[in-house]
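Trainee: Questions regarding the structure given below will be posed in turn.
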Amino acid sequence: MSQPDKKEELAQRIRARIAHDKFWGAANLYFAQILVWVVVLSSFGAAIAAMEKSPAILTASLAAIPGYVIVLSRNLNFMPLSRWHYKLAARLQAVEFSLQFENKTVEEVSREFSKVMGEFESYAPGVNVGGLLGQDDNDGKKPPRS
């Protein structure tokens, strides 16, 4: 495989990963925003139901939703995941630019790509299973500053 072919293949892999992370960053942000609106609307609905003397089961059900959503949100980490994906996409875009505009070799950029992926995977926020794993998901590592 010639050098230009390797360079284009690496660029395509980097672009695919950037697209992947931008998609999941947006999806997690979207899910987080939906949960915020569910909390707001259910709280408002519970207040209206209480004011209108609706059946107690309806009022109690609406009032319970924010608690369930908070537990769901904390355990599924939508906002931390969104930020993680967007930060990774930004770092990978810098790697892509170094291949495209800094005239770095394919080997140099490939190593940098692998380094960034390894670095980010070491502190990816995971789903919180309530301590069932018995260990910290990121082994106590702090995320790099961006």
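Ordering of the structure tokens sets the chain letters (A, B, ...), residue numbers begin anew at 1 in every chain, and ligands are numbered from 1 in the order given.
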Within 10 Å of range 22-30 of chain A, which residues of range 47-143 of chain A come that close, and what is the closest atom pair and distance in Å for each? Count only C-alpha atoms and give it as a Markdown table.
Mentor:
| residue | atom | partner | partner_atom | distance |
| --- | --- | --- | --- | --- |
| A:Leu76 | CA | A:Asn28 | CA | 9.5 |
| A:Asn77 | CA | A:Asn28 | CA | 8.4 |
| A:Phe78 | CA | A:Asn28 | CA | 4.9 |
| A:Met79 | CA | A:Leu29 | CA | 6.0 |
| A:Pro80 | CA | A:Asn28 | CA | 8.6 |
| A:Leu81 | CA | A:Asn28 | CA | 6.5 |
| A:Ser82 | CA | A:Gly25 | CA | 4.0 |
| A:Arg83 | CA | A:Gly25 | CA | 6.6 |
| A:Trp84 | CA | A:Gly25 | CA | 7.4 |
| A:His85 | CA | A:Gly25 | CA | 4.9 |
| A:Tyr86 | CA | A:Gly25 | CA | 5.5 |
| A:Lys87 | CA | A:Gly25 | CA | 9.0 |
| A:Leu88 | CA | A:Lys22 | CA | 8.8 |
| A:Ala89 | CA | A:Lys22 | CA | 6.3 |
| A:Ala90 | CA | A:Lys22 | CA | 9.1 |
Trainee: Store the residues picked out above, limited to N, CA and C atoms, as a CSV table (one decimal), in the first residue's frame.
Mentor:
chain,number,residue,atom,x,y,z
A,76,LEU,N,-26.9,6.8,34.5
A,76,LEU,CA,-26.5,6.6,33.1
A,76,LEU,C,-25.6,7.7,32.6
A,77,ASN,N,-25.3,8.7,33.4
A,77,ASN,CA,-24.2,9.7,33.1
A,77,ASN,C,-24.3,10.4,31.7
A,78,PHE,N,-25.5,10.8,31.4
A,78,PHE,CA,-25.7,11.4,30.0
A,78,PHE,C,-24.8,12.6,29.8
A,79,MET,N,-24.8,13.6,30.8
A,79,MET,CA,-24.0,14.8,30.6
A,79,MET,C,-22.5,14.5,30.6
A,80,PRO,N,-22.0,13.7,31.5
A,80,PRO,CA,-20.5,13.4,31.5
A,80,PRO,C,-20.2,12.7,30.2
A,81,LEU,N,-21.0,11.8,29.7
A,81,LEU,CA,-20.7,11.1,28.5
A,81,LEU,C,-20.7,12.0,27.3
A,82,SER,N,-21.7,13.0,27.3
A,82,SER,CA,-21.7,13.9,26.2
A,82,SER,C,-20.5,14.8,26.2
A,83,ARG,N,-20.0,15.3,27.3
A,83,ARG,CA,-18.8,16.1,27.4
A,83,ARG,C,-17.6,15.2,26.9
A,84,TRP,N,-17.5,14.0,27.4
A,84,TRP,CA,-16.4,13.1,27.0
A,84,TRP,C,-16.4,12.9,25.5
A,85,HIS,N,-17.5,12.6,24.9
A,85,HIS,CA,-17.5,12.4,23.4
A,85,HIS,C,-17.1,13.7,22.7
A,86,TYR,N,-17.6,14.8,23.1
A,86,TYR,CA,-17.2,16.1,22.5
A,86,TYR,C,-15.8,16.4,22.6
A,87,LYS,N,-15.2,16.2,23.8
A,87,LYS,CA,-13.8,16.4,24.1
A,87,LYS,C,-12.9,15.5,23.2
A,88,LEU,N,-13.3,14.2,23.1
A,88,LEU,CA,-12.6,13.3,22.3
A,88,LEU,C,-12.7,13.7,20.8
A,89,ALA,N,-13.8,14.1,20.4
A,89,ALA,CA,-13.9,14.5,19.0
A,89,ALA,C,-13.0,15.7,18.7
A,90,ALA,N,-13.0,16.7,19.6
A,90,ALA,CA,-12.1,17.8,19.4
A,90,ALA,C,-10.6,17.4,19.4
Trainee: List the neighbours of range 66-73 of chain A out to 7 Å using only C-alpha atoms; skip same-chain residues closer than 5 positions along the sequence, and give me the result as number ranges by chain.
Mentor: A: 35, 39, 42, 78
Trainee: Just asking: which residues within range 5-141 of chain A are alpha helix (DSSP H) according to DSSP, as an MDAnalysis selection string?
Mentor: chainID A and resid 5:51 56:76 78:101 106:121
Trainee: Env of range 93-106 of chain A: 10 Å cut, atoms = only C-alpha atoms, seq-sep filter 2 positions within chain, self excluded. Answer as a list in words.
Mentor: Gln3, Pro4, Lys6, Lys7, Glu8, Glu9, Leu10, Ala11, Gln12, Arg13, Ile14, Arg15, Arg17, Ile18, Lys87, Leu88, Ala89, Ala90, Arg91, Glu108, Val109, Ser110, Arg111, Glu112, Phe113 and Val116 of chain A
Trainee: Can you tell me, as number ranges by chain, what residues are no more than 12 Å from Ala63 in chain A when counting only C-alpha atoms, ignoring any on the same chain fewer than 4 positions away?
Mentor: A: 38-50, 56-59, 67-69
Trainee: Output the selection as a CSV table (one decimal), in the first residue's frame - C-alpha atoms for each residue.
Mentor:
chain,number,residue,atom,x,y,z
A,38,VAL,CA,-39.5,15.4,32.2
A,39,VAL,CA,-38.6,16.6,35.7
A,40,VAL,CA,-39.9,20.1,35.1
A,41,LEU,CA,-43.1,19.0,33.4
A,42,SER,CA,-43.8,16.3,36.0
A,43,SER,CA,-43.3,18.7,38.9
A,44,PHE,CA,-45.5,21.2,37.2
A,45,GLY,CA,-48.1,18.5,36.5
A,46,ALA,CA,-48.0,17.3,40.1
A,47,ALA,CA,-48.6,20.8,41.3
A,48,ILE,CA,-51.6,21.2,38.9
A,49,ALA,CA,-53.0,17.8,39.9
A,50,ALA,CA,-52.8,18.7,43.6
A,56,ALA,CA,-54.2,10.9,44.8
A,57,ILE,CA,-52.6,8.2,42.7
A,58,LEU,CA,-52.1,10.7,39.8
A,59,THR,CA,-50.6,13.3,42.0
A,67,GLY,CA,-36.9,11.1,41.9
A,68,TYR,CA,-36.8,8.3,39.3
A,69,VAL,CA,-35.4,10.6,36.7
Trainee: How far is it from CA of Gly126 in chain A to CA of Ala16 in chain A, in Å with one decimal?
Mentor: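 Going from CA of Gly126 in chain A over to CA of Ala16 in chain A, I get 22.0 Å.
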